[in-house]
$ cat model.txt   # compact mmCIF, C-alpha atoms
# COMPACT_ATOMS: atom_id res chain seq x y z
CA MET G 1 8.05 10.91 6.29
CA SER G 2 7.76 14.67 6.04
CA SER G 3 7.99 17.13 3.16
CA PRO G 4 9.39 20.62 3.69
CA LYS G 5 7.15 23.58 3.04
CA GLN G 6 8.03 25.16 -0.28
CA HIS G 7 7.92 28.95 -0.38
CA GLY G 8 7.39 30.89 -3.57
CA GLU G 9 6.39 27.85 -5.60
CA GLN G 10 3.55 25.39 -5.98
CA ARG G 11 3.28 22.72 -3.30
CA ILE G 12 0.30 20.79 -4.67
CA SER G 13 -0.87 19.57 -8.08
CA VAL G 14 -4.24 18.21 -9.17
CA VAL G 15 -4.70 14.95 -11.08
CA VAL G 16 -8.07 14.51 -12.82
CA LEU G 17 -9.19 11.07 -14.02
CA THR G 18 -11.62 10.89 -16.95
CA HIS G 19 -13.20 8.50 -19.42
CA GLN G 20 -15.79 9.35 -22.06
CA ARG G 21 -17.15 12.44 -20.26
CA ALA G 22 -15.94 15.41 -22.27
CA ALA G 23 -18.72 17.74 -21.13
CA GLU G 24 -18.29 16.96 -17.43
CA LEU G 25 -14.52 17.22 -17.71
CA LYS G 26 -14.79 20.64 -19.35
CA ARG G 27 -16.88 21.91 -16.43
CA THR G 28 -14.44 20.48 -13.90
CA LEU G 29 -11.38 21.95 -15.62
CA HIS G 30 -13.10 25.32 -15.85
CA GLN G 31 -13.63 25.24 -12.07
CA LEU G 32 -10.08 24.09 -11.34
CA CYS G 33 -8.51 26.71 -13.60
CA MET G 34 -10.32 29.44 -11.65
CA LEU G 35 -8.88 28.36 -8.29
CA PRO G 36 -6.83 31.03 -6.51
CA GLU G 37 -4.04 28.50 -5.93
CA MET G 38 -3.53 28.11 -9.71
CA PRO G 39 -2.31 24.51 -9.25
CA PRO G 40 -0.57 22.51 -11.95
CA ILE G 41 -3.27 20.26 -13.45
CA VAL G 42 -2.77 16.84 -15.00
CA VAL G 43 -5.63 15.15 -16.84
CA VAL G 44 -5.39 11.39 -17.32
CA ASP G 45 -7.66 10.26 -20.14
CA ASN G 46 -8.53 6.58 -19.95
CA ALA G 47 -8.62 6.04 -23.73
CA SER G 48 -11.79 8.06 -24.39
CA GLN G 49 -13.28 7.79 -27.86
CA ASP G 50 -15.33 10.99 -27.59
CA ALA G 51 -14.19 14.62 -27.86
CA THR G 52 -12.16 14.58 -24.64
CA VAL G 53 -8.63 14.82 -26.04
CA GLY G 54 -9.43 17.53 -28.57
CA MET G 55 -11.37 19.56 -26.00
CA VAL G 56 -8.51 19.53 -23.48
CA GLU G 57 -5.89 20.39 -26.09
CA ARG G 58 -8.00 23.18 -27.57
CA ASP G 59 -9.61 24.78 -24.51
CA PHE G 60 -7.06 24.12 -21.75
CA PRO G 61 -3.56 24.39 -23.24
CA SER G 62 -1.97 24.88 -19.80
CA VAL G 63 -3.23 21.49 -18.63
CA SER G 64 -0.92 18.47 -18.97
CA LEU G 65 -2.68 15.62 -20.76
CA VAL G 66 -1.74 11.97 -20.22
CA ARG G 67 -3.36 9.50 -22.62
CA ALA G 68 -3.64 5.97 -21.26
CA PRO G 69 -3.30 3.19 -23.85
CA ARG G 70 -6.62 1.68 -22.71
CA ASN G 71 -9.19 2.20 -19.98
CA LEU G 72 -7.12 1.43 -16.88
CA GLY G 73 -9.70 2.47 -14.31
CA ALA G 74 -8.24 3.82 -11.08
CA VAL G 75 -4.69 3.00 -12.18
CA GLY G 76 -4.91 6.02 -14.44
CA ARG G 77 -4.35 8.09 -11.31
CA ASN G 78 -0.94 6.47 -10.95
CA LEU G 79 0.05 7.76 -14.39
CA GLY G 80 -0.94 11.26 -13.36
CA ALA G 81 0.89 11.11 -10.04
CA ALA G 82 4.06 10.04 -11.83
CA ARG G 83 3.94 13.34 -13.76
CA VAL G 84 3.61 15.46 -10.63
CA ARG G 85 6.62 17.52 -9.54
CA THR G 86 5.14 18.92 -6.31
CA PRO G 87 5.40 17.31 -2.86
CA TYR G 88 1.62 16.92 -2.66
CA VAL G 89 -1.00 15.72 -5.13
CA ALA G 90 -4.77 16.12 -4.94
CA PHE G 91 -7.07 13.84 -6.89
CA CYS G 92 -10.48 14.44 -8.36
CA ASP G 93 -12.64 12.89 -11.03
CA ASP G 94 -14.24 14.48 -14.05
CA ASP G 95 -17.37 15.20 -12.01
CA THR G 96 -15.66 16.55 -8.87
CA TRP G 97 -13.53 19.62 -8.16
CA TRP G 98 -11.86 21.31 -5.20
CA ALA G 99 -13.26 24.47 -3.63
CA GLY G 100 -11.22 27.64 -3.69
CA GLY G 101 -8.66 27.70 -0.89
CA SER G 102 -8.96 24.00 -0.07
CA LEU G 103 -5.83 22.98 -1.96
CA HIS G 104 -3.75 25.60 -0.14
CA LEU G 105 -5.17 24.41 3.16
CA ALA G 106 -4.55 20.76 2.28
CA ALA G 107 -0.89 21.57 1.64
CA ASP G 108 -0.72 23.44 4.96
CA LEU G 109 -2.18 20.43 6.79
CA LEU G 110 0.30 18.04 5.22
CA ASP G 111 3.10 20.48 6.06
CA HIS G 112 2.10 20.62 9.71
CA TYR G 113 1.22 16.94 10.23
CA PRO G 114 4.24 14.99 8.93
CA ARG G 115 2.88 11.56 9.89
CA VAL G 116 -0.22 11.99 7.73
CA ALA G 117 -0.02 10.46 4.24
CA ALA G 118 -3.42 11.64 2.99
CA VAL G 119 -6.37 13.79 3.94
CA SER G 120 -9.88 13.27 2.58
CA ALA G 121 -12.06 16.32 2.02
CA ARG G 122 -15.69 16.88 2.86
CA VAL G 123 -17.76 16.20 -0.27
CA LEU G 124 -20.83 18.31 -1.04
CA VAL G 125 -23.14 16.86 -3.69
CA GLY G 126 -25.00 18.79 -6.37
CA ARG G 127 -26.37 22.30 -6.30
CA GLU G 128 -28.14 21.46 -3.05
CA LEU G 129 -24.72 20.91 -1.41
CA ARG G 130 -25.88 17.72 0.27
CA GLU G 131 -23.19 16.18 2.43
CA ASP G 132 -21.99 12.90 0.95
CA PRO G 133 -22.91 10.00 3.28
CA THR G 134 -19.33 8.75 3.35
CA SER G 135 -18.15 12.18 4.50
CA ALA G 136 -20.79 12.17 7.23
CA ARG G 137 -19.62 8.78 8.47
CA MET G 138 -15.95 9.76 8.38
CA SER G 139 -16.71 12.84 10.46
CA THR G 140 -17.86 10.64 13.35
CA SER G 141 -15.07 8.05 13.13
CA PRO G 142 -14.88 5.98 16.35
CA LEU G 143 -11.09 5.79 16.26
CA PRO G 144 -9.47 7.58 19.23
CA PRO G 145 -8.58 11.24 18.62
CA ASN G 146 -4.94 11.72 17.72
CA GLU G 147 -3.05 14.98 17.99
CA SER G 148 -0.91 13.85 15.05
CA VAL G 149 -3.81 14.23 12.58
CA PRO G 150 -5.78 17.35 11.58
CA GLY G 151 -9.21 15.77 11.99
CA PRO G 152 -10.91 12.47 12.77
CA PRO G 153 -8.50 9.55 12.21
CA VAL G 154 -9.79 7.15 9.55
CA LEU G 155 -8.70 3.95 7.86
CA GLY G 156 -10.00 4.78 4.42
CA LEU G 157 -9.92 7.31 1.61
CA LEU G 158 -12.20 9.14 -0.77
CA ALA G 159 -10.39 8.38 -4.02
CA GLY G 160 -11.80 11.36 -5.91
CA ALA G 161 -11.48 13.82 -3.02
CA SER G 162 -8.14 13.23 -1.30
CA ALA G 163 -4.77 14.97 -1.13
CA PHE G 164 -1.63 12.85 -0.69
CA ARG G 165 2.05 13.18 -0.11
CA THR G 166 3.25 12.37 -3.59
CA ASP G 167 6.16 10.24 -2.40
CA ALA G 168 3.94 8.20 -0.06
CA PHE G 169 1.42 7.53 -2.83
CA LEU G 170 4.11 6.44 -5.27
CA ALA G 171 5.99 4.37 -2.67
CA MET G 172 2.84 2.30 -2.08
CA GLY G 173 2.43 1.78 -5.82
CA GLY G 174 -0.75 3.86 -5.94
CA TYR G 175 -3.90 1.99 -6.94
CA HIS G 176 -3.60 -1.69 -7.80
CA PRO G 177 -4.27 -2.51 -11.48
CA ARG G 178 -6.35 -5.58 -10.63
CA PHE G 179 -9.18 -3.57 -9.05
CA PHE G 180 -10.17 -1.29 -11.96
CA LEU G 181 -12.82 0.87 -10.21
CA GLY G 182 -14.95 0.35 -7.13
CA GLY G 183 -13.51 0.33 -3.63
CA GLU G 184 -10.00 0.57 -5.06
CA GLU G 185 -8.94 2.85 -2.22
CA ALA G 186 -9.45 0.18 0.47
CA LEU G 187 -6.22 -1.71 -0.23
CA LEU G 188 -4.16 1.47 -0.56
CA ALA G 189 -5.47 2.80 2.76
CA LEU G 190 -4.67 -0.43 4.59
CA ASP G 191 -1.17 -0.58 3.12
CA LEU G 192 -0.44 3.04 4.03
CA ALA G 193 -1.55 2.40 7.60
CA SER G 194 0.50 -0.81 7.76
CA ALA G 195 3.55 1.17 6.64
CA GLY G 196 3.14 3.53 9.60
CA TRP G 197 1.29 6.39 7.93
CA LEU G 198 -1.80 8.08 9.34
CA LEU G 199 -4.94 8.97 7.41
CA ALA G 200 -7.37 11.74 8.31
CA TYR G 201 -10.73 13.13 7.40
CA ALA G 202 -10.37 16.91 7.09
CA PRO G 203 -13.82 18.56 7.00
CA GLN G 204 -12.18 21.96 6.62
CA LEU G 205 -11.43 20.92 3.01
CA THR G 206 -14.25 20.91 0.46
CA VAL G 207 -14.78 19.06 -2.80
CA PHE G 208 -17.88 19.56 -4.94
CA HIS G 209 -19.42 16.52 -6.63
CA TYR G 210 -21.94 16.80 -9.44
CA PRO G 211 -22.51 13.08 -10.16
CA SER G 212 -22.33 12.19 -13.82
CA SER G 213 -25.34 10.56 -15.42
CA ILE G 214 -22.93 8.48 -17.53
CA ARG G 215 -22.24 5.55 -15.25
CA ASP G 216 -23.03 1.84 -14.99
CA ALA G 217 -24.36 1.49 -11.45
CA ILE G 218 -24.87 -2.27 -11.64
CA ARG G 219 -21.34 -2.91 -12.85
CA ARG G 220 -19.96 -0.62 -10.15
CA ARG G 221 -21.81 -2.56 -7.44
CA SER G 222 -20.46 -5.85 -8.74
CA LEU G 223 -16.90 -4.48 -8.76
CA LEU G 224 -17.31 -3.22 -5.21
CA ALA G 225 -18.30 -6.71 -4.03
CA ARG G 226 -15.58 -8.45 -6.03
CA ASN G 227 -12.87 -6.05 -4.89
CA ALA G 228 -13.92 -6.28 -1.26
CA THR G 229 -13.49 -10.06 -1.49
CA TRP G 230 -10.03 -9.68 -3.01
CA VAL G 231 -8.94 -7.18 -0.35
CA ALA G 232 -10.13 -9.58 2.34
CA TRP G 233 -7.94 -12.41 1.04
CA LEU G 234 -5.01 -10.10 0.44
CA ARG G 235 -4.91 -8.59 3.92
CA LEU G 236 -7.38 -10.02 6.47
CA PRO G 237 -7.02 -13.03 8.81
CA ALA G 238 -8.49 -16.17 7.29
CA THR G 239 -11.64 -16.21 9.43
CA ARG G 240 -12.42 -12.60 8.53
CA ALA G 241 -11.68 -13.25 4.85
CA ILE G 242 -14.14 -16.16 4.83
CA ALA G 243 -16.80 -14.01 6.50
CA CYS G 244 -16.29 -11.23 3.95
CA THR G 245 -16.53 -13.70 1.09
CA LEU G 246 -19.83 -15.08 2.38
CA GLN G 247 -21.15 -11.57 2.85
CA SER G 248 -20.22 -10.59 -0.71
CA THR G 249 -21.64 -13.74 -2.34
CA PRO G 250 -25.23 -12.49 -2.89
CA ARG G 251 -24.05 -9.16 -4.32
CA ILE G 252 -21.58 -10.79 -6.71
CA TRP G 253 -24.21 -13.26 -7.88
CA ARG G 254 -26.93 -10.61 -8.26
CA ASP G 255 -24.94 -7.79 -9.87
CA ALA G 256 -22.20 -9.59 -11.81
CA GLY G 257 -24.21 -12.00 -13.93
CA GLY G 258 -24.42 -15.01 -11.62
CA ILE G 259 -21.79 -17.67 -12.22
CA ASN G 260 -19.70 -15.41 -14.47
CA GLY G 261 -19.21 -12.95 -11.64
CA TRP G 262 -18.01 -15.69 -9.35
CA ILE G 263 -15.65 -17.12 -11.96
CA GLU G 264 -14.05 -13.69 -12.29
CA THR G 265 -13.81 -13.34 -8.51
CA LEU G 266 -12.32 -16.81 -8.03
CA ARG G 267 -9.70 -16.24 -10.69
CA GLY G 268 -8.59 -13.18 -8.79
CA LEU G 269 -8.49 -15.10 -5.52
CA ARG G 270 -5.65 -17.25 -6.84
CA TRP G 271 -3.61 -14.11 -7.39
CA ALA G 272 -4.68 -12.69 -4.00
CA LEU G 273 -3.50 -15.77 -2.15
CA ARG G 274 -0.11 -15.57 -3.83
CA GLN G 275 0.30 -11.95 -2.70
CA ARG G 276 -1.38 -12.36 0.68
CA ARG G 277 0.13 -10.29 3.50
CA VAL G 278 -1.96 -10.14 6.67
CA LEU G 279 -2.36 -6.79 8.38
CA PRO G 280 -0.42 -6.00 11.56
CA SER G 281 -2.61 -6.73 14.58
CA GLU G 282 -2.91 -3.04 15.47
CA ILE G 283 -4.29 -2.16 12.04
CA GLU G 284 -6.60 -5.20 12.01
CA ASN G 285 -8.00 -4.15 15.40
CA MET G 286 -8.67 -0.66 14.02
CA ARG G 287 -10.35 -2.15 10.98
CA ARG G 288 -12.60 -4.38 13.08
CA GLN G 289 -13.53 -1.48 15.34
CA LEU G 290 -14.56 0.54 12.30
CA GLN G 291 -16.44 -2.37 10.78
CA ALA G 292 -18.45 -2.92 13.97
CA TRP G 293 -19.24 0.77 14.18
CA GLU G 294 -20.25 1.06 10.52
CA SER G 295 -22.63 -1.88 10.80
CA ARG G 296 -24.71 0.06 13.32
CA PRO G 297 -27.70 2.10 12.06
CA THR G 298 -26.67 5.66 11.28
CA PRO G 299 -28.89 8.28 12.94
CA ALA G 300 -30.07 11.05 10.67
CA ARG G 301 -28.38 14.35 11.24
CA PRO G 302 -28.57 17.65 9.38
CA ALA G 303 -25.72 18.53 7.05
CA THR G 304 -24.35 21.98 7.75
CA VAL G 305 -23.37 23.74 4.57
CA THR G 306 -20.02 25.49 4.87
CA ALA G 307 -19.38 26.35 1.23
CA ARG G 308 -21.21 28.10 -1.54
CA ALA G 309 -22.36 26.26 -4.62
CA PRO G 310 -20.19 27.16 -7.60
$ encode --input "model.txt" --output "structure tokens"
Amino acid sequence: MSSPKQHGEQRISVVVLTHQRAAELKRTLHQLCMLPEMPPIVVVDNASQDATVGMVERDFPSVSLVRAPRNLGAVGRNLGAARVRTPYVAFCDDDTWWAGGSLHLAADLLDHYPRVAAVSARVLVGRELREDPTSARMSTSPLPPNESVPGPPVLGLLAGASAFRTDAFLAMGGYHPRFFLGGEEALLALDLASAGWLLAYAPQLTVFHYPSSIRDAIRRRSLLARNATWVAWLRLPATRAIACTLQSTPRIWRDAGGINGWIETLRGLRWALRQRRVLPSEIENMRRQLQAWESRPTPARPATVTARAP
């Protein structure tokens, strides 16, 4: 489960997922190309119809461009990872990028912690460098400290701000094509943990996030609720899956167009039941511990800025 440290050559590549955001992608690639690590960069374009392809080919000739046949959502990351020739791969989106030095440090962490499949970076949002709420919650994970991980142990990922062992990501099949976008990392994280891998939040790594204004927030919320229901029936004990379904019902109905949202969800449940594989008890206990902790009110705490705005 370990990858040897490679001297004198790149250890980590970056895969950038994009769709219809040429301007944001240009900014992100400009930032990535200035990194001191000079990582190999792969852009996966999810069938954009704007200026994305021409811009990448014209302005960033050193970047590898993968053109998906249609908008695959998160699965586009799988296409990029398949092109990677380094032992580690870092992911970001067209509105996120890694801070200078963080990729080198991520590779060092994965070198030194061979049981860790992926590390999630601390995400700082906008020019104000506000700490992303998910990062704040990961930093106070209730899971017991573990000397085998370089930070708080977690049972989740930040899809656009994580670095993986390439072989572990590919062995798990990457992101599942059914989920498109919205909570797609939940199933991958559970399957990695079930396979014996550890996951960690590494606040010493930094990713900047300048949220794009080009997004469908309502659709994203509906996909989050739908995908959470599917994950529950794929991996959770029946009683927990029922509880999750009941919890998701109002969100699916409100955000996914009422009955149409539920029809889509129920169609997926037939597939989920065919592929159902309940989590090992140890992983389910960890998941329930985290769920109980996350349901508690989160006290406000100041976010300490540890990086400069680019």
$ atom_distance --input "model.txt" --atom1 "atom CA of G:Arg251" --atom2 "atom CA of G:Ala232"
15.4 Å
$ closest_residue --input "model.txt" --among "G:Arg270, G:Arg85, G:His112, G:Arg240" --to "G:Ile41" --atoms "all atoms listed in the file"
G:Arg85
$ residues_near_point --input "model.txt" --point "(1.1, 19.6, -9.3)" --cutoff "9 Å" --atoms "all atoms listed in the file" --output "ChimeraX atom specification"
/G:10-15,39-42,81,83-90
$ closest_residue --input "model.txt" --among "G:Ser102, G:Ser148, G:Ser141, G:Thr18" --to "G:Gly73" --atoms "only C-alpha atoms"
G:Thr18
$ atom_distance --input "model.txt" --atom1 "atom CA of G:Thr265" --atom2 "atom CA of G:Arg137"
28.5 Å
$ residues_around --input "model.txt" --residues "stretch 167-174 of chain G" --least-positions-apart "3" --cutoff "8 Å" --atoms "all atoms listed in the file" --output "PyMOL selection string"
chain G and resi 75+77-78+81-82+87+117+164+188+191-192
$ closest_residue --input "model.txt" --among "G:Gln204, G:Ser62, G:Thr229, G:Ser162" --to "G:Leu269" --atoms "all atoms listed in the file"
G:Thr229
$ atom_distance --input "model.txt" --atom1 "atom CA of G:Asp111" --atom2 "atom CA of G:Gln31"
25.1 Å
$ closest_residue --input "model.txt" --among "G:Arg235, G:His19, G:Arg58, G:Arg276" --to "G:Leu190" --atoms "only C-alpha atoms"
G:Arg235
$ closest_residue --input "model.txt" --among "G:Pro69, G:Gly196, G:His209, G:Leu29" --to "G:Arg127" --atoms "only C-alpha atoms"
G:His209
$ closest_residue --input "model.txt" --among "G:Pro150, G:Pro203, G:Pro211, G:Pro250" --to "G:Asp95" --atoms "only C-alpha atoms"
G:Pro211
$ residues_around --input "model.txt" --residues "G:Ala238" --least-positions-apart "3" --cutoff "12 Å" --atoms "all atoms listed in the file" --output "count of residues only"
16
$ decode --input "model.txt" --residues "stretch 99-110 of chain G" --atoms "all heavy atoms" --output "PDB file, in the first residue's frame"
ATOM      1  N   ALA G  99      -1.839  25.963  -3.232  1.00  0.00           N
ATOM      2  CA  ALA G  99      -0.848  26.976  -2.849  1.00  0.00           C
ATOM      3  C   ALA G  99       0.560  26.461  -3.122  1.00  0.00           C
ATOM      4  O   ALA G  99       0.809  25.246  -3.122  1.00  0.00           O
ATOM      5  CB  ALA G  99      -0.998  27.330  -1.370  1.00  0.00           C
ATOM      6  N   GLY G 100       1.476  27.386  -3.355  1.00  0.00           N
ATOM      7  CA  GLY G 100       2.858  27.019  -3.585  1.00  0.00           C
ATOM      8  C   GLY G 100       3.439  26.221  -2.425  1.00  0.00           C
ATOM      9  O   GLY G 100       3.289  26.600  -1.267  1.00  0.00           O
ATOM     10  N   GLY G 101       4.067  25.108  -2.738  1.00  0.00           N
ATOM     11  CA  GLY G 101       4.670  24.246  -1.729  1.00  0.00           C
ATOM     12  C   GLY G 101       3.760  23.157  -1.216  1.00  0.00           C
ATOM     13  O   GLY G 101       4.234  22.159  -0.662  1.00  0.00           O
ATOM     14  N   SER G 102       2.448  23.313  -1.382  1.00  0.00           N
ATOM     15  CA  SER G 102       1.517  22.323  -0.818  1.00  0.00           C
ATOM     16  C   SER G 102       1.575  20.990  -1.553  1.00  0.00           C
ATOM     17  O   SER G 102       1.413  19.928  -0.938  1.00  0.00           O
ATOM     18  CB  SER G 102       0.086  22.871  -0.823  1.00  0.00           C
ATOM     19  OG  SER G 102      -0.092  23.821   0.213  1.00  0.00           O
ATOM     20  N   LEU G 103       1.805  21.011  -2.853  1.00  0.00           N
ATOM     21  CA  LEU G 103       1.892  19.750  -3.585  1.00  0.00           C
ATOM     22  C   LEU G 103       3.132  18.960  -3.165  1.00  0.00           C
ATOM     23  O   LEU G 103       3.078  17.733  -3.002  1.00  0.00           O
ATOM     24  CB  LEU G 103       1.909  20.008  -5.090  1.00  0.00           C
ATOM     25  CG  LEU G 103       0.605  20.533  -5.686  1.00  0.00           C
ATOM     26  CD1 LEU G 103       0.817  20.891  -7.154  1.00  0.00           C
ATOM     27  CD2 LEU G 103      -0.526  19.522  -5.539  1.00  0.00           C
ATOM     28  N   HIS G 104       4.242  19.646  -3.015  1.00  0.00           N
ATOM     29  CA  HIS G 104       5.466  18.977  -2.546  1.00  0.00           C
ATOM     30  C   HIS G 104       5.238  18.371  -1.167  1.00  0.00           C
ATOM     31  O   HIS G 104       5.624  17.215  -0.902  1.00  0.00           O
ATOM     32  CB  HIS G 104       6.618  19.976  -2.507  1.00  0.00           C
ATOM     33  CG  HIS G 104       7.904  19.395  -2.017  1.00  0.00           C
ATOM     34  ND1 HIS G 104       8.778  18.709  -2.841  1.00  0.00           N
ATOM     35  CD2 HIS G 104       8.466  19.374  -0.775  1.00  0.00           C
ATOM     36  CE1 HIS G 104       9.821  18.295  -2.139  1.00  0.00           C
ATOM     37  NE2 HIS G 104       9.652  18.691  -0.885  1.00  0.00           N
ATOM     38  N   LEU G 105       4.588  19.129  -0.297  1.00  0.00           N
ATOM     39  CA  LEU G 105       4.328  18.632   1.052  1.00  0.00           C
ATOM     40  C   LEU G 105       3.343  17.471   1.028  1.00  0.00           C
ATOM     41  O   LEU G 105       3.501  16.494   1.781  1.00  0.00           O
ATOM     42  CB  LEU G 105       3.803  19.768   1.930  1.00  0.00           C
ATOM     43  CG  LEU G 105       3.495  19.418   3.387  1.00  0.00           C
ATOM     44  CD1 LEU G 105       4.700  18.769   4.066  1.00  0.00           C
ATOM     45  CD2 LEU G 105       3.057  20.671   4.148  1.00  0.00           C
ATOM     46  N   ALA G 106       2.340  17.541   0.164  1.00  0.00           N
ATOM     47  CA  ALA G 106       1.382  16.432   0.060  1.00  0.00           C
ATOM     48  C   ALA G 106       2.095  15.150  -0.346  1.00  0.00           C
ATOM     49  O   ALA G 106       1.822  14.065   0.204  1.00  0.00           O
ATOM     50  CB  ALA G 106       0.286  16.774  -0.948  1.00  0.00           C
ATOM     51  N   ALA G 107       3.015  15.252  -1.308  1.00  0.00           N
ATOM     52  CA  ALA G 107       3.781  14.069  -1.712  1.00  0.00           C
ATOM     53  C   ALA G 107       4.640  13.561  -0.567  1.00  0.00           C
ATOM     54  O   ALA G 107       4.753  12.340  -0.353  1.00  0.00           O
ATOM     55  CB  ALA G 107       4.646  14.406  -2.923  1.00  0.00           C
ATOM     56  N   ASP G 108       5.240  14.472   0.201  1.00  0.00           N
ATOM     57  CA  ASP G 108       6.030  14.054   1.365  1.00  0.00           C
ATOM     58  C   ASP G 108       5.160  13.304   2.379  1.00  0.00           C
ATOM     59  O   ASP G 108       5.575  12.276   2.937  1.00  0.00           O
ATOM     60  CB  ASP G 108       6.671  15.265   2.042  1.00  0.00           C
ATOM     61  CG  ASP G 108       7.884  15.802   1.294  1.00  0.00           C
ATOM     62  OD1 ASP G 108       8.375  15.106   0.371  1.00  0.00           O
ATOM     63  OD2 ASP G 108       8.325  16.916   1.628  1.00  0.00           O
ATOM     64  N   LEU G 109       3.961  13.819   2.629  1.00  0.00           N
ATOM     65  CA  LEU G 109       3.071  13.167   3.597  1.00  0.00           C
ATOM     66  C   LEU G 109       2.700  11.762   3.126  1.00  0.00           C
ATOM     67  O   LEU G 109       2.705  10.808   3.917  1.00  0.00           O
ATOM     68  CB  LEU G 109       1.813  14.006   3.807  1.00  0.00           C
ATOM     69  CG  LEU G 109       1.998  15.373   4.469  1.00  0.00           C
ATOM     70  CD1 LEU G 109       0.670  16.112   4.545  1.00  0.00           C
ATOM     71  CD2 LEU G 109       2.607  15.233   5.859  1.00  0.00           C
ATOM     72  N   LEU G 110       2.367  11.625   1.861  1.00  0.00           N
ATOM     73  CA  LEU G 110       2.001  10.307   1.345  1.00  0.00           C
ATOM     74  C   LEU G 110       3.207   9.372   1.313  1.00  0.00           C
ATOM     75  O   LEU G 110       3.063   8.161   1.482  1.00  0.00           O
ATOM     76  CB  LEU G 110       1.378  10.447  -0.043  1.00  0.00           C
ATOM     77  CG  LEU G 110       0.003  11.138  -0.040  1.00  0.00           C
ATOM     78  CD1 LEU G 110      -0.428  11.499  -1.461  1.00  0.00           C
ATOM     79  CD2 LEU G 110      -1.058  10.277   0.640  1.00  0.00           C
TER      80      LEU G 110
END
